[in-house]
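> Below is a structure I'd like to ask you about.
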Amino acid sequence: MSEGYKQRYTFGMDFGTSDFKFGPITCGERPEVVENRGYFTDKTSIIQQVSGPVKELIVGKDIPLYLEARQDLSARLVYPMRNGIVGKDDERSWAVVKELTQFALEAFRPPESEFSGFYLVASLSAVAPRYMYEKLFEIFRETSKEFGSIRAATVISQPFSVAIAHKIPTCIVIESGHGNSQTCPISRYPIRDAVVAINRGGGDGNALTAEILKDCGYGDLVHEESFVRKVKENLGLIPADLDAAIQMAKNNPERFRAKYQVPGTRITIDLAENSWMRFLIGEYVFDPDHELFQSYFSRGLRKPGDVRFGDTFFRGMLDFGDAIVEAVERCPVELQPYLYKQILLSGGNFAWKAPVELSDVAIDAGSKIRFLLEEKGISETTVLMAQSPQHSVWRGCIVYGYAVPVDFSWSWERFEGWMNF
Amino acid sequence: MAEASITARLTEFFASKGQRPIPQDTISTGREEKPDLALTDGRITTYLKIFLRNDLQERNTLLEAALSAMSYTEVANRAYLVLPKIQAAVLDAAVIREKGLGLIVYDSKAIEEVLPAHIFEHNSASAKPSADLERLKSRISTLEQTVEALVSELSRIKSLKIEQPDVRRTHPETPAIARSQKPQPLPSFLQDNPWLDILSKRGREADQIAG
């Protein structure tokens, strides 16, 4: 197969924790996006028996049309990549992955007669164990056999994709999603042995926000995670220095007053004299080891613990500065200064507001990372926020598929190359 | 009968010069009547005004015909008057040459080109198209639009063929989001991306530790 054919039919898939981004190179700047989830219908439901046969598994934008108001809804709605990892024997999650794959490829099947399958580049979390790669290739092989829509496929890590999309060959990428975060050194290749995984993500920030809302009298609203997340995004602030920020906020509560009117509702959240707590939310995401958080742990907030998923050990309480240092120090000494020089932040957990009027106290995610590194004696750093973080992994997949030669076969030692079908 | 005979002989005469007759119904004309015979080799178009012996009973008839033939040069690249040899003597060849017309004479034995016609070059952009040509253009344009619409419809149907129940397996919820496969400029993230050079050398460089 020629390079020209491969470049015309390069296809990217980003299996994110919340969203599934997909599309061929002809999508241009933005892929299609659907939620990374599937709904298992109830075959025994009377409504389904009356309305005719319905597929057992629904994916894509039509899911809301099939949802039923049932107690077991959460059991039927499966999010396969919530933590970036799918269990080896989690058949329902793998079924969703397979259905999403086929849905995406069929949605873009080209009409041209020369088409004999896409060159598919899929992207998984940096901590995805080897069995996930094997399982994904198995799904691709079956799809190729059944539909003829895949000519060859490969799987790369999401941080590697982000570095490619941002045109930076040597850097550290920190990808922070809902459930966990990964610090990944890249130098023309992803340095897999140096990845440092953190068992902390946007979901932990939501959990602390829920505790703060309870303390402020809004306990009846914290059962809806999407609502709590909105409060976190609108009220949470990252302090340059937590102790100093709290002191200033307590001395001048009106200046730091946190008030949020939930759009389309009559609900207004007002932290009033407790507005200093908004700094706890931002600090917790970057460094949960402050003594102030101990009281929350003792009252029931789940403390991020050290866990093992697959082959990867996730650290719970490691701050992002330490995670970067640890990842860099696993790399050759000669390379280390170049890695510190370019740090790329990717993922929704780094999207924080830094109001100009509070710029003496509240900072953005990049500045916080810089401060954490300065505390550890590292000052020569440039921290960049990924542009279009929602699309950058897919873009990296497209660049990878476009450039890597068709005759570069998959290698289980490198975790790179094309698996031909 | 005599007319059919001379037309056939003229056709043969011009065939030896590489010119083929143009069907009467597709001959383009200006304001004047159609020529008696039109020929072309794909590049040069030749119009003929043919006179039979009986046509020239009155002296003015020839003059009127010559004027009529001159109008052919608005459309054709060259125009000829075709006369019986015996009557050609009444014409002043200098006048015909001055107007750029050619003269062909014939008798029962031979056809002879006594005065070559001037070649008139027609710039297609500035040429005044005839009503027939305009009609033809309009019909071609309509046909092109129809073909384009059909191609587009065919592509759409092909892209939706997954919704047909007899194709392997159905995906009823699949949205119709197939996009144009026409060549487009490279997306911004592909332009000036140093990874293109790095990745294009995969498999062609010395082993590196991927970790």
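Following the order of the structure tokens, chains are lettered A, B, ..., residues in each are numbered from 1, and ligands are numbered from 1.
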For the strand (DSSP E) assignment from backbone DSSP, which residues of range 113-220 of chain A qualify? Please present them as a VMD selection string.
chain A and resid 118 to 124 150 to 157 170 to 176 181 to 187 189 to 190 196 to 198
> Can you spit out the residues from that selection as a short mmCIF file (atom, residue, chain, number, x, y, z; two decimals), in the first residue's frame, using N, CA and C atoms?

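Written out: again38.cif:
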```
data_model
loop_
_atom_site.label_atom_id
_atom_site.label_comp_id
_atom_site.auth_asym_id
_atom_site.auth_seq_id
_atom_site.Cartn_x
_atom_site.Cartn_y
_atom_site.Cartn_z
N PHE A 118 -9.06 2.04 6.52
CA PHE A 118 -8.32 3.18 7.08
C PHE A 118 -6.99 2.74 7.68
N TYR A 119 -6.07 3.69 7.78
CA TYR A 119 -4.89 3.53 8.63
C TYR A 119 -5.28 4.19 9.96
N LEU A 120 -5.58 3.36 10.92
CA LEU A 120 -6.18 3.83 12.17
C LEU A 120 -5.13 4.02 13.26
N VAL A 121 -5.13 5.21 13.87
CA VAL A 121 -4.26 5.49 15.00
C VAL A 121 -5.15 5.75 16.22
N ALA A 122 -5.07 4.87 17.21
CA ALA A 122 -5.88 5.04 18.42
C ALA A 122 -4.96 5.48 19.55
N SER A 123 -5.53 6.22 20.49
CA SER A 123 -4.72 6.72 21.59
C SER A 123 -5.33 6.32 22.93
N LEU A 124 -4.48 5.79 23.79
CA LEU A 124 -4.90 5.35 25.12
C LEU A 124 -4.10 6.10 26.19
N ILE A 150 -10.64 -1.29 8.29
CA ILE A 150 -9.30 -1.00 8.81
C ILE A 150 -8.27 -1.75 7.97
N ARG A 151 -7.33 -1.01 7.42
CA ARG A 151 -6.25 -1.62 6.64
C ARG A 151 -5.08 -1.95 7.59
N ALA A 152 -4.78 -1.03 8.47
CA ALA A 152 -3.72 -1.24 9.47
C ALA A 152 -4.05 -0.34 10.65
N ALA A 153 -3.50 -0.70 11.83
CA ALA A 153 -3.81 0.10 13.02
C ALA A 153 -2.59 0.19 13.91
N THR A 154 -2.59 1.21 14.76
CA THR A 154 -1.55 1.34 15.77
C THR A 154 -2.15 2.02 16.99
N VAL A 155 -1.48 1.89 18.11
CA VAL A 155 -1.96 2.52 19.35
C VAL A 155 -0.80 3.30 19.96
N ILE A 156 -1.05 4.56 20.28
CA ILE A 156 -0.02 5.37 20.93
C ILE A 156 -0.60 5.98 22.21
N SER A 157 0.29 6.49 23.07
CA SER A 157 -0.21 7.03 24.35
C SER A 157 -0.70 8.46 24.15
N THR A 170 10.79 17.32 22.38
CA THR A 170 11.37 16.97 23.68
C THR A 170 10.65 17.77 24.76
N CYS A 171 10.00 17.09 25.66
CA CYS A 171 9.21 17.79 26.68
C CYS A 171 8.71 16.82 27.73
N ILE A 172 8.09 17.41 28.76
CA ILE A 172 7.32 16.62 29.73
C ILE A 172 5.85 16.95 29.47
N VAL A 173 5.03 15.94 29.33
CA VAL A 173 3.60 16.18 29.19
C VAL A 173 2.92 15.70 30.47
N ILE A 174 2.12 16.58 31.07
CA ILE A 174 1.31 16.14 32.22
C ILE A 174 -0.14 16.13 31.74
N GLU A 175 -0.68 14.95 31.72
CA GLU A 175 -2.07 14.78 31.29
C GLU A 175 -2.89 14.53 32.55
N SER A 176 -3.84 15.39 32.82
CA SER A 176 -4.64 15.24 34.04
C SER A 176 -6.11 15.20 33.68
N SER A 181 -3.76 11.25 36.81
CA SER A 181 -2.88 12.13 36.04
C SER A 181 -1.60 11.36 35.73
N GLN A 182 -0.96 11.71 34.62
CA GLN A 182 0.27 11.04 34.24
C GLN A 182 1.31 12.07 33.84
N THR A 183 2.54 11.85 34.32
CA THR A 183 3.65 12.73 33.96
C THR A 183 4.56 11.94 33.03
N CYS A 184 4.66 12.37 31.80
CA CYS A 184 5.33 11.54 30.78
C CYS A 184 6.44 12.29 30.06
N PRO A 185 7.68 11.87 30.23
CA PRO A 185 8.77 12.47 29.45
C PRO A 185 8.72 11.97 28.00
N ILE A 186 8.99 12.90 27.09
CA ILE A 186 9.00 12.56 25.66
C ILE A 186 10.31 13.08 25.08
N SER A 187 11.02 12.26 24.37
CA SER A 187 12.17 12.75 23.62
C SER A 187 12.21 11.96 22.31
N TYR A 189 10.61 9.88 21.33
CA TYR A 189 9.82 8.69 21.66
C TYR A 189 9.20 8.94 23.03
N PRO A 190 8.09 8.31 23.34
CA PRO A 190 7.61 8.36 24.72
C PRO A 190 8.54 7.49 25.57
N VAL A 196 5.37 8.74 35.49
CA VAL A 196 4.95 8.75 36.89
C VAL A 196 3.43 8.99 36.90
N ALA A 197 2.72 8.04 37.49
CA ALA A 197 1.25 8.13 37.51
C ALA A 197 0.76 8.59 38.87
N ILE A 198 -0.24 9.43 38.86
CA ILE A 198 -0.79 9.99 40.10
C ILE A 198 -2.26 9.62 40.20
#
```
> Could you tell me which of A:Ala207, A:Ile246, A:Leu373, A:Val262 comes closest to Pro304 in chain A if we count only C-alpha atoms?
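Closest residue, counting only C-alpha atoms: A:Ala207.
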> For range 106-108 of chain B, find every residue with an atom within 6 Å (counting only C-alpha atoms), except residues of its own chain fewer than 3 positions away, and show them as an mmCIF file with C-alpha atoms, in the first residue's frame.

```cif
data_model
loop_
_atom_site.group_PDB
_atom_site.id
_atom_site.type_symbol
_atom_site.label_atom_id
_atom_site.label_comp_id
_atom_site.auth_asym_id
_atom_site.auth_seq_id
_atom_site.Cartn_x
_atom_site.Cartn_y
_atom_site.Cartn_z
ATOM 1 C CA PRO B 84 -19.679 26.591 -63.466
ATOM 2 C CA LYS B 85 -16.428 27.137 -65.347
ATOM 3 C CA ILE B 111 -13.133 20.859 -60.061
#
```
> Skip Asp197 in chain B itself and residues of its chain fewer than 2 positions away, then list as number ranges by chain all residues within 12 Å of it, counting only C-alpha atoms.
A: 164, 167, 169, 188, 399-400, 402-405; B: 190-195, 199-202, 204-205
> For the residues in the current selection, export N, CA and C atoms as a tab-separated table (two decimals), in the first residue's frame.

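Once written, again_38.tsv looks like this:
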```tsv
chain	number	residue	atom	x	y	z
A	164	ILE	N	3.04	15.56	20.04
A	164	ILE	CA	3.08	15.61	18.57
A	164	ILE	C	2.19	16.75	18.05
A	167	LYS	N	3.79	20.05	18.39
A	167	LYS	CA	5.02	20.24	17.62
A	167	LYS	C	6.26	20.33	18.51
A	169	PRO	N	9.18	18.11	20.17
A	169	PRO	CA	9.77	16.76	20.20
A	169	PRO	C	10.36	16.35	21.55
A	188	ARG	N	11.51	12.46	21.35
A	188	ARG	CA	11.32	11.80	20.05
A	188	ARG	C	10.53	10.51	20.17
A	399	VAL	N	-1.33	13.25	12.90
A	399	VAL	CA	0.06	13.52	12.47
A	399	VAL	C	0.84	12.21	12.45
A	400	TYR	N	0.67	11.41	13.49
A	400	TYR	CA	1.41	10.15	13.59
A	400	TYR	C	1.07	9.24	12.40
A	402	TYR	N	-0.17	10.06	9.54
A	402	TYR	CA	0.22	10.69	8.28
A	402	TYR	C	1.71	10.46	8.00
A	403	ALA	N	2.51	10.48	9.08
A	403	ALA	CA	3.97	10.50	8.87
A	403	ALA	C	4.63	9.13	8.94
A	404	VAL	N	4.18	8.26	9.83
A	404	VAL	CA	4.90	7.00	10.03
A	404	VAL	C	4.77	6.12	8.78
A	405	PRO	N	5.90	5.63	8.25
A	405	PRO	CA	5.86	4.87	6.99
A	405	PRO	C	4.99	3.61	7.09
B	190	LEU	N	-0.58	20.06	11.19
B	190	LEU	CA	0.35	19.30	10.33
B	190	LEU	C	1.40	20.22	9.70
B	191	GLN	N	1.07	21.49	9.60
B	191	GLN	CA	1.99	22.41	8.93
B	191	GLN	C	3.18	22.73	9.82
B	192	ASP	N	4.38	22.68	9.24
B	192	ASP	CA	5.64	23.00	9.95
B	192	ASP	C	5.77	22.21	11.24
B	193	ASN	N	5.34	20.98	11.23
B	193	ASN	CA	5.43	20.16	12.44
B	193	ASN	C	6.71	19.32	12.38
B	194	PRO	N	7.66	19.56	13.31
B	194	PRO	CA	8.94	18.81	13.26
B	194	PRO	C	8.75	17.31	13.43
B	195	TRP	N	7.62	16.90	14.00
B	195	TRP	CA	7.38	15.47	14.18
B	195	TRP	C	7.22	14.75	12.84
B	199	LEU	N	8.96	11.30	12.63
B	199	LEU	CA	8.15	10.08	12.51
B	199	LEU	C	8.32	9.40	11.15
B	200	SER	N	8.60	10.20	10.13
B	200	SER	CA	8.74	9.59	8.80
B	200	SER	C	10.00	8.74	8.70
B	201	LYS	N	10.89	8.89	9.70
B	201	LYS	CA	12.12	8.07	9.69
B	201	LYS	C	11.98	6.83	10.55
B	202	ARG	N	10.81	6.61	11.14
B	202	ARG	CA	10.61	5.41	11.95
B	202	ARG	C	10.89	4.17	11.12
B	204	ARG	N	13.69	3.43	9.91
B	204	ARG	CA	14.82	3.65	9.00
B	204	ARG	C	16.02	4.22	9.74
B	205	GLU	N	15.94	4.26	11.06
B	205	GLU	CA	17.02	4.84	11.84
B	205	GLU	C	17.56	3.80	12.81
```
> Tell me which of A:Leu358, A:Met277, A:Val195, A:Val333 sits closest to Leu208 in chain A, counting only C-alpha atoms.
A:Met277
> Calculate how many Å separate CA of Gly305 in chain A from CA of Pro389 in chain A, rounding to one decimal.
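Computing the Euclidean distance for CA of Gly305 in chain A and CA of Pro389 in chain A yields 27.1 Å.
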> Write out as a list in words the residues lying within 12 Å of His223 in chain A, counting only C-alpha atoms and excluding same-chain residues fewer than 6 positions away.
Asn206, Ala207, Thr209, Ala210, Glu211, Leu213, Lys214 and Arg229 of chain A
> Write the residues you've just listed into a file as a CSV table (one decimal), in the first residue's frame, and include N, CA and C atoms for each of them.

```csv
chain,number,residue,atom,x,y,z
A,206,ASN,N,-13.5,17.7,42.7
A,206,ASN,CA,-15.0,17.7,42.8
A,206,ASN,C,-15.4,17.2,44.3
A,207,ALA,N,-14.7,16.1,44.7
A,207,ALA,CA,-15.0,15.6,46.0
A,207,ALA,C,-14.7,16.6,47.1
A,209,THR,N,-14.7,19.9,46.7
A,209,THR,CA,-15.7,20.9,46.6
A,209,THR,C,-17.1,20.5,47.2
A,210,ALA,N,-17.4,19.2,47.1
A,210,ALA,CA,-18.7,18.7,47.7
A,210,ALA,C,-18.6,18.9,49.2
A,211,GLU,N,-17.4,18.6,49.8
A,211,GLU,CA,-17.2,18.7,51.3
A,211,GLU,C,-17.4,20.2,51.7
A,213,LEU,N,-19.0,22.5,50.1
A,213,LEU,CA,-20.5,22.9,49.9
A,213,LEU,C,-21.3,22.4,51.1
A,214,LYS,N,-20.9,21.2,51.6
A,214,LYS,CA,-21.7,20.7,52.8
A,214,LYS,C,-21.4,21.6,54.0
A,229,ARG,N,-19.2,19.9,39.9
A,229,ARG,CA,-18.1,20.2,39.0
A,229,ARG,C,-18.2,21.7,38.5
```
> Which of range 181-395 of chain A counts as helix (DSSP H, G or I) under DSSP, as an mmCIF file with C-alpha atoms, in the first residue's frame please?

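As a result, part12.cif now contains:
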```
data_model
loop_
_atom_site.group_PDB
_atom_site.id
_atom_site.type_symbol
_atom_site.label_atom_id
_atom_site.label_comp_id
_atom_site.auth_asym_id
_atom_site.auth_seq_id
_atom_site.Cartn_x
_atom_site.Cartn_y
_atom_site.Cartn_z
ATOM 1 C CA ARG A 192 7.583 4.627 29.012
ATOM 2 C CA ASP A 193 9.819 3.607 31.917
ATOM 3 C CA ALA A 194 9.879 7.170 33.223
ATOM 4 C CA GLY A 202 -10.519 16.324 38.465
ATOM 5 C CA GLY A 203 -12.795 13.946 40.368
ATOM 6 C CA ASP A 204 -10.813 14.577 43.578
ATOM 7 C CA GLY A 205 -11.270 18.315 43.182
ATOM 8 C CA ASN A 206 -15.005 17.658 42.843
ATOM 9 C CA ALA A 207 -14.983 15.563 46.027
ATOM 10 C CA LEU A 208 -13.346 18.339 48.057
ATOM 11 C CA THR A 209 -15.738 20.907 46.551
ATOM 12 C CA ALA A 210 -18.655 18.730 47.700
ATOM 13 C CA GLU A 211 -17.243 18.741 51.273
ATOM 14 C CA ILE A 212 -16.884 22.522 51.190
ATOM 15 C CA LEU A 213 -20.459 22.897 49.930
ATOM 16 C CA LYS A 214 -21.654 20.708 52.793
ATOM 17 C CA ASP A 215 -19.766 22.882 55.277
ATOM 18 C CA GLY A 219 -25.255 19.574 51.370
ATOM 19 C CA ASP A 220 -28.533 18.774 49.643
ATOM 20 C CA LEU A 221 -27.038 19.675 46.234
ATOM 21 C CA GLU A 225 -21.477 15.471 40.384
ATOM 22 C CA SER A 226 -22.007 17.611 37.269
ATOM 23 C CA PHE A 227 -23.377 20.390 39.488
ATOM 24 C CA VAL A 228 -20.449 20.106 41.911
ATOM 25 C CA ARG A 229 -18.052 20.248 38.978
ATOM 26 C CA LYS A 230 -19.640 23.493 37.769
ATOM 27 C CA VAL A 231 -19.220 25.012 41.216
ATOM 28 C CA LYS A 232 -15.574 23.916 41.280
ATOM 29 C CA GLU A 233 -14.919 25.445 37.856
ATOM 30 C CA ASN A 234 -16.611 28.721 38.734
ATOM 31 C CA LEU A 235 -15.497 29.262 42.313
ATOM 32 C CA LEU A 242 -2.048 28.773 50.129
ATOM 33 C CA ASP A 243 -1.316 30.161 53.616
ATOM 34 C CA ALA A 244 -0.877 33.718 52.342
ATOM 35 C CA ALA A 245 -4.027 33.504 50.193
ATOM 36 C CA ILE A 246 -6.163 32.238 53.089
ATOM 37 C CA GLN A 247 -4.841 34.987 55.349
ATOM 38 C CA MET A 248 -5.673 37.688 52.802
ATOM 39 C CA ALA A 249 -9.120 36.253 52.088
ATOM 40 C CA LYS A 250 -9.998 36.082 55.785
ATOM 41 C CA ASN A 251 -8.850 39.673 56.298
ATOM 42 C CA ALA A 272 -19.819 34.264 52.157
ATOM 43 C CA GLU A 273 -17.371 34.413 55.068
ATOM 44 C CA ASN A 274 -16.033 30.992 54.026
ATOM 45 C CA SER A 275 -14.940 32.289 50.623
ATOM 46 C CA TRP A 276 -11.308 31.685 51.579
ATOM 47 C CA MET A 277 -12.132 27.980 51.045
ATOM 48 C CA ARG A 278 -12.161 28.500 47.294
ATOM 49 C CA PHE A 279 -8.351 28.397 47.440
ATOM 50 C CA LEU A 280 -8.444 24.923 48.997
ATOM 51 C CA ILE A 281 -10.030 23.534 45.856
ATOM 52 C CA GLY A 282 -7.219 24.616 43.544
ATOM 53 C CA GLU A 283 -4.442 23.734 45.966
ATOM 54 C CA TYR A 284 -5.806 20.239 46.553
ATOM 55 C CA VAL A 285 -5.496 19.324 42.879
ATOM 56 C CA PHE A 286 -1.823 20.299 42.738
ATOM 57 C CA LEU A 292 -5.592 21.862 56.292
ATOM 58 C CA PHE A 293 -6.786 18.887 54.274
ATOM 59 C CA GLN A 294 -6.298 16.507 57.190
ATOM 60 C CA SER A 295 -9.521 17.675 58.794
ATOM 61 C CA TYR A 296 -11.427 16.796 55.611
ATOM 62 C CA PHE A 297 -9.827 13.349 55.493
ATOM 63 C CA SER A 298 -10.741 12.728 59.097
ATOM 64 C CA PHE A 320 2.763 17.691 40.656
ATOM 65 C CA GLY A 321 6.182 19.283 41.232
ATOM 66 C CA ASP A 322 7.552 16.108 42.801
ATOM 67 C CA ALA A 323 5.961 14.027 40.060
ATOM 68 C CA ILE A 324 7.773 16.044 37.366
ATOM 69 C CA VAL A 325 11.119 15.802 39.193
ATOM 70 C CA GLU A 326 10.718 12.051 39.701
ATOM 71 C CA ALA A 327 9.836 11.468 36.039
ATOM 72 C CA VAL A 328 12.726 13.591 34.771
ATOM 73 C CA GLU A 329 15.234 11.933 37.090
ATOM 74 C CA GLN A 336 17.064 16.285 31.951
ATOM 75 C CA PRO A 337 17.618 20.047 31.336
ATOM 76 C CA TYR A 338 15.811 19.810 28.000
ATOM 77 C CA LEU A 339 12.838 18.072 29.603
ATOM 78 C CA TYR A 340 12.489 20.746 32.311
ATOM 79 C CA LYS A 341 12.600 23.450 29.643
ATOM 80 C CA GLY A 348 -9.522 19.424 31.676
ATOM 81 C CA ASN A 349 -8.055 19.341 35.202
ATOM 82 C CA PHE A 350 -5.709 22.204 34.272
ATOM 83 C CA VAL A 356 -7.105 39.624 36.796
ATOM 84 C CA GLU A 357 -8.390 41.503 39.864
ATOM 85 C CA LEU A 358 -7.022 38.732 42.104
ATOM 86 C CA ALA A 365 -2.153 26.133 36.358
ATOM 87 C CA GLY A 366 1.085 26.860 34.483
ATOM 88 C CA SER A 367 2.246 29.371 37.079
ATOM 89 C CA LYS A 368 1.419 26.931 39.888
ATOM 90 C CA ILE A 369 3.569 24.245 38.293
ATOM 91 C CA ARG A 370 6.387 26.783 37.910
ATOM 92 C CA PHE A 371 6.123 27.723 41.617
ATOM 93 C CA LEU A 372 6.123 24.072 42.690
ATOM 94 C CA LEU A 373 9.284 23.459 40.647
ATOM 95 C CA GLU A 374 10.972 26.608 41.956
ATOM 96 C CA GLU A 375 10.425 25.297 45.497
ATOM 97 C CA PRO A 389 -7.010 20.324 24.932
ATOM 98 C CA GLN A 390 -10.117 18.441 23.879
ATOM 99 C CA HIS A 391 -8.795 17.896 20.358
ATOM 100 C CA SER A 392 -5.027 17.741 20.743
ATOM 101 C CA VAL A 393 -4.803 13.964 21.288
ATOM 102 C CA TRP A 394 -6.792 13.297 18.102
ATOM 103 C CA ARG A 395 -4.607 15.759 16.194
#
```
> Nearest residue to chain A out of B:Ala76, B:Met70, B:Leu83, B:Leu154, using only C-alpha atoms?
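Looking at the shortest contact to chain A, the residue is B:Leu154.
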> Would you kindly return, as a list of chain:residue names, each protein, DNA or RNA residue with an atom no farther than 8 Å from any atom of Ser28 in chain B, considering only C-alpha atoms and excluding same-chain residues fewer than 3 positions away?
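In the requested format, the answer is B:Lys34, B:Val75, B:Ser130, B:Asp132, B:Leu133.
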> Which of these, A:Phe11, A:Phe103, A:Tyr5, A:Tyr133, has the shortest distance to chain B once you count only C-alpha atoms?
A:Phe103
> Name the closest residue to Asp41 in chain B among the candidates B:Gly102, B:Pro21, B:Pro116, B:Pro185; distances are taken between atoms, counting only C-alpha atoms.
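Counting only C-alpha atoms, the residue closest to Asp41 in chain B is B:Pro21.
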> So how far away is CA of Gly316 in chain A from CA of Arg302 in chain A, in Å?
10.6 Å
